[in-house]
Structure formats: C-alpha cells, structure tokens
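**Q** Structure in structure tokens, see below.
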Amino acid sequence: QPIYESTTFTVGDTKLRQKKDAALIERYQQLADEGYLNLADFTAKKRFLSKDSIWQGTIKLTEKAHPYVLEQKGNKIKIKTIEYLVDKDNGFQLDAKGKKSATATVMLKKNPTPFHFLKEDKSPNTEFITKKFKMKYAEETGWRITN
C-alpha cells in the first residue's frame, strides 16, 4: 500500500482576503494555469471601511487532479500532499528475528504533489523518511507486511 500524507481541501464557493491570503491566491492561480483547478467567476470586491479586499468565486478540480484525490464528500475533498516512494538503490534493510518474523527498515523518498502547499511538511529539512515494517513469513504467500 502506498504511503502518503494528505489534507482536506474545500472546493466550491470561496472567499479569501486579497492581502492576507495573497500567497494562497497565487498558488491557486498557479494550479489553475497548470490545469489542476478551474477558477470560475472570481472577482475582487472592496469591503466598506476596510483596507483589504475580498477575492471570491468558485474553485473546481479538473480531471488532471484526479490521481491525487483520495476521498470526496460534498465540497470537502481529501487530497494527497506528499507521496513517499521506496528508494530502490539503498533504501532497504532487513533484520531477521527468526525464520518466520523480521523487521524491515525502509528509506522513503518524498515526492511532493502539486497540492503540497495545503499542508505543512512534518520534516521540511529532509528529502526522505525512514519507516519500520514488521514482516511475517508464510509458506503460501512468502513474506508479508503485518502493520
């Protein structure tokens, strides 16, 4: 099973503040330029007696964003932010505890998705993580991961 990090993303009618959320608006526009989002009916409206304007419209996901969508319930979409891939060169170490059980330590490389900016990275100073898996041996299936 693939290992990934995810977050919830809201689509549909959206209101953002133009100055306060400027970086987020820029990222949304970048995703729209790359074809992952469709930004419809967006307008900037000046609020009465306010220094900031409201940027409002509708955000829609396109077909290109489909591989990153995990779950969808109404306007809430669970989306992948980082995928972890096995480093096939030197990323695997097997510690056998006996004939039928072992512990595997695997180095996983980070592969950020286009939506990685939606969630803060838990380990921003590394390009990989290490993860341990418990394995059991069965004659019919061979080695299997149990956790």
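By convention here, the chains of the structure tokens are called A, B, ... in the order presented, each chain's residues are numbered starting at 1, and ligands are numbered starting at 1 in the order presented.
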Please provide as a ChimeraX atom specification all residues within 6 Å of Gly57 in chain A, with the sequence filter that same-chain residues fewer than 3 positions apart are discarded (counting only C-alpha atoms).

**A** /A:13-14,40-42

**Q** Quick one: residues within 8 Å of Thr130 in chain A, only C-alpha atoms counted, chain neighbours fewer than 2 positions away excluded, as a tab-separated table (two decimals) with N, CA and C atoms, in the first residue's frame?

**A**
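See out_16.tsv below for the written result:
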chain	number	residue	atom	x	y	z
A	105	THR	N	13.51	-2.04	7.64
A	105	THR	CA	13.65	-0.59	7.72
A	105	THR	C	13.80	-0.07	6.29
A	106	VAL	N	12.90	0.82	5.91
A	106	VAL	CA	12.84	1.28	4.52
A	106	VAL	C	13.03	2.79	4.48
A	107	MET	N	13.86	3.26	3.53
A	107	MET	CA	14.01	4.70	3.32
A	107	MET	C	13.06	5.10	2.20
A	108	LEU	N	12.19	6.06	2.49
A	108	LEU	CA	11.18	6.51	1.55
A	108	LEU	C	11.49	7.93	1.11
A	128	PHE	N	13.75	12.68	2.70
A	128	PHE	CA	13.32	11.30	2.88
A	128	PHE	C	12.86	11.07	4.31
A	132	LYS	N	9.71	1.70	9.72
A	132	LYS	CA	9.92	0.28	10.04
A	132	LYS	C	8.62	-0.48	9.80

**Q** Can you work out the spacing between CA of Lys119 in chain A and CA of Tyr4 in chain A in Å, to one decimal?

**A**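 So the two atoms, CA of Lys119 in chain A and CA of Tyr4 in chain A, lie 12.2 Å apart.
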
**Q** Can you tell me, as a tab-separated table (two decimals) with N, CA and C atoms, in the first residue's frame, what residues are no more than 9 Å from Thr146 in chain A when counting only C-alpha atoms, ignoring any on the same chain fewer than 2 positions away?

**A**
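Once everything was written out, this is selection24.tsv:
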chain	number	residue	atom	x	y	z
A	133	PHE	N	8.77	-1.67	9.24
A	133	PHE	CA	7.64	-2.55	8.99
A	133	PHE	C	7.91	-3.90	9.62
A	134	LYS	N	6.90	-4.48	10.27
A	134	LYS	CA	7.01	-5.84	10.79
A	134	LYS	C	6.57	-6.79	9.68
A	135	MET	N	7.34	-7.87	9.51
A	135	MET	CA	7.04	-8.81	8.44
A	135	MET	C	6.92	-10.23	9.01
A	136	LYS	N	6.04	-11.01	8.42
A	136	LYS	CA	5.87	-12.42	8.80
A	136	LYS	C	5.98	-13.27	7.55
A	144	ARG	N	5.18	-11.14	4.20
A	144	ARG	CA	4.09	-10.16	4.16
A	144	ARG	C	4.29	-9.13	5.24

**Q** With only C-alpha atoms as the counted atoms, please give the residues lying no more than 12 Å from range 83-92 of chain A, apart from itself and same-chain residues fewer than 5 positions off, as a count of residues only.

**A** 30

**Q** Using DSSP secondary structure from the backbone, list all helix (DSSP H, G or I) positions within range 1-138 of chain A, as JSON, numbers by chain.

**A** {"A": [22, 23, 24, 25, 26, 27, 28, 29, 30, 31, 32, 33, 34, 63, 64, 65, 66, 67, 68, 116, 117, 118]}

**Q** With C-alpha atoms retained, write the just-selected residues as an mmCIF file, in the first residue's frame.

**A**
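The result, written out as selection09.cif:
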data_model
loop_
_atom_site.group_PDB
_atom_site.id
_atom_site.type_symbol
_atom_site.label_atom_id
_atom_site.label_comp_id
_atom_site.auth_asym_id
_atom_site.auth_seq_id
_atom_site.Cartn_x
_atom_site.Cartn_y
_atom_site.Cartn_z
ATOM 1 C CA ALA A 22 -2.110 36.620 -1.225
ATOM 2 C CA ALA A 23 0.249 33.614 -1.207
ATOM 3 C CA LEU A 24 -2.661 31.139 -1.213
ATOM 4 C CA ILE A 25 -4.398 33.001 -4.045
ATOM 5 C CA GLU A 26 -1.148 32.931 -6.040
ATOM 6 C CA ARG A 27 -0.840 29.155 -5.519
ATOM 7 C CA TYR A 28 -4.463 28.614 -6.596
ATOM 8 C CA GLN A 29 -3.832 30.635 -9.753
ATOM 9 C CA GLN A 30 -0.653 28.643 -10.434
ATOM 10 C CA LEU A 31 -2.605 25.358 -10.119
ATOM 11 C CA ALA A 32 -5.247 26.771 -12.461
ATOM 12 C CA ASP A 33 -2.517 27.641 -15.008
ATOM 13 C CA GLU A 34 -1.155 24.068 -14.728
ATOM 14 C CA GLU A 63 -9.691 15.756 -14.412
ATOM 15 C CA LYS A 64 -5.919 16.295 -14.166
ATOM 16 C CA ALA A 65 -6.184 16.425 -10.331
ATOM 17 C CA HIS A 66 -7.918 13.017 -10.163
ATOM 18 C CA PRO A 67 -4.776 10.929 -9.296
ATOM 19 C CA TYR A 68 -4.296 12.976 -6.105
ATOM 20 C CA HIS A 116 1.791 20.125 -1.187
ATOM 21 C CA PHE A 117 1.352 23.754 -0.101
ATOM 22 C CA LEU A 118 -2.009 22.948 1.537
#

**Q** Just to confirm, what's the straight-line distance from CA of Lys60 in chain A to CA of Thr8 in chain A in Å (one decimal)?

**A**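 Separating CA of Lys60 in chain A from CA of Thr8 in chain A is a distance of 14.3 Å.
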
**Q** Rounded to one decimal, what separation in Å do you get between CA of Lys20 in chain A and CA of Thr7 in chain A?

**A**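 Taking CA of Lys20 in chain A and CA of Thr7 in chain A, their separation equals 21.4 Å.
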
**Q** Mind checking DSSP for range 4-131 of chain A and telling me the strand (DSSP E) residues as an mmCIF file with C-alpha atoms, in the first residue's frame?

**A**
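Output below, filename out_23.cif:
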data_model
loop_
_atom_site.group_PDB
_atom_site.id
_atom_site.type_symbol
_atom_site.label_atom_id
_atom_site.label_comp_id
_atom_site.auth_asym_id
_atom_site.auth_seq_id
_atom_site.Cartn_x
_atom_site.Cartn_y
_atom_site.Cartn_z
ATOM 1 C CA TYR A 4 1.351 9.398 1.702
ATOM 2 C CA GLU A 5 0.346 12.493 3.657
ATOM 3 C CA SER A 6 -2.996 14.108 2.994
ATOM 4 C CA THR A 7 -5.177 17.035 3.948
ATOM 5 C CA THR A 8 -8.748 18.214 3.442
ATOM 6 C CA PHE A 9 -9.339 20.739 0.687
ATOM 7 C CA THR A 10 -12.598 22.691 0.241
ATOM 8 C CA GLY A 12 -16.930 25.377 -4.348
ATOM 9 C CA ASP A 13 -17.707 28.957 -3.345
ATOM 10 C CA THR A 14 -14.660 30.530 -1.710
ATOM 11 C CA LYS A 15 -13.926 33.896 -0.117
ATOM 12 C CA LEU A 16 -10.356 34.963 0.569
ATOM 13 C CA ARG A 17 -8.792 38.256 1.613
ATOM 14 C CA LEU A 37 -8.035 23.712 -10.811
ATOM 15 C CA ASN A 38 -10.693 25.724 -12.557
ATOM 16 C CA LEU A 39 -11.245 29.159 -11.007
ATOM 17 C CA ALA A 40 -14.661 30.445 -12.070
ATOM 18 C CA ASP A 41 -16.365 33.823 -11.542
ATOM 19 C CA PHE A 42 -13.593 35.292 -9.403
ATOM 20 C CA THR A 43 -13.912 38.956 -8.615
ATOM 21 C CA ALA A 44 -12.255 41.327 -6.186
ATOM 22 C CA LYS A 45 -14.605 43.459 -4.120
ATOM 23 C CA LYS A 46 -13.576 46.290 -1.833
ATOM 24 C CA SER A 53 -10.460 43.433 -0.472
ATOM 25 C CA ILE A 54 -12.411 40.184 -0.788
ATOM 26 C CA TRP A 55 -11.493 37.765 -3.588
ATOM 27 C CA GLN A 56 -14.441 35.455 -4.162
ATOM 28 C CA GLY A 57 -15.558 32.867 -6.681
ATOM 29 C CA THR A 58 -15.790 29.119 -7.274
ATOM 30 C CA ILE A 59 -12.940 26.591 -7.144
ATOM 31 C CA LYS A 60 -13.383 23.343 -9.096
ATOM 32 C CA LEU A 61 -10.999 20.414 -9.529
ATOM 33 C CA VAL A 69 -7.902 12.748 -4.813
ATOM 34 C CA LEU A 70 -8.435 10.117 -2.102
ATOM 35 C CA GLU A 71 -11.975 10.766 -0.921
ATOM 36 C CA GLN A 72 -14.762 13.207 -1.681
ATOM 37 C CA LYS A 73 -17.746 14.174 0.471
ATOM 38 C CA LYS A 76 -14.682 18.517 1.157
ATOM 39 C CA ILE A 77 -12.004 16.586 -0.694
ATOM 40 C CA LYS A 78 -9.230 14.566 0.929
ATOM 41 C CA ILE A 79 -6.177 15.120 -1.268
ATOM 42 C CA LYS A 80 -2.585 13.830 -1.266
ATOM 43 C CA THR A 81 0.055 16.408 -0.405
ATOM 44 C CA ILE A 82 3.196 14.214 -0.303
ATOM 45 C CA GLU A 83 3.702 10.709 -1.684
ATOM 46 C CA TYR A 84 6.530 8.527 -0.371
ATOM 47 C CA LEU A 85 8.399 6.273 -2.811
ATOM 48 C CA VAL A 86 10.802 3.451 -1.940
ATOM 49 C CA PHE A 92 16.015 -1.295 2.378
ATOM 50 C CA GLN A 93 17.442 -3.140 5.389
ATOM 51 C CA LEU A 94 16.057 -6.437 6.681
ATOM 52 C CA ASP A 95 16.660 -7.547 10.278
ATOM 53 C CA ALA A 96 15.612 -11.174 10.673
ATOM 54 C CA SER A 101 9.401 -12.903 11.508
ATOM 55 C CA ALA A 102 11.561 -9.926 10.598
ATOM 56 C CA THR A 103 11.709 -6.142 10.751
ATOM 57 C CA ALA A 104 12.322 -4.156 7.587
ATOM 58 C CA THR A 105 13.653 -0.589 7.721
ATOM 59 C CA VAL A 106 12.836 1.285 4.524
ATOM 60 C CA MET A 107 14.013 4.698 3.315
ATOM 61 C CA LEU A 108 11.177 6.511 1.547
ATOM 62 C CA LYS A 109 11.824 9.498 -0.732
ATOM 63 C CA LYS A 110 9.431 12.437 -0.573
ATOM 64 C CA ASN A 111 7.560 13.192 -3.778
ATOM 65 C CA PRO A 112 5.518 16.389 -3.266
ATOM 66 C CA PHE A 128 13.325 11.297 2.875
ATOM 67 C CA ILE A 129 11.861 9.492 5.877
ATOM 68 C CA THR A 130 12.629 6.068 7.349
ATOM 69 C CA LYS A 131 9.885 3.701 8.361
#
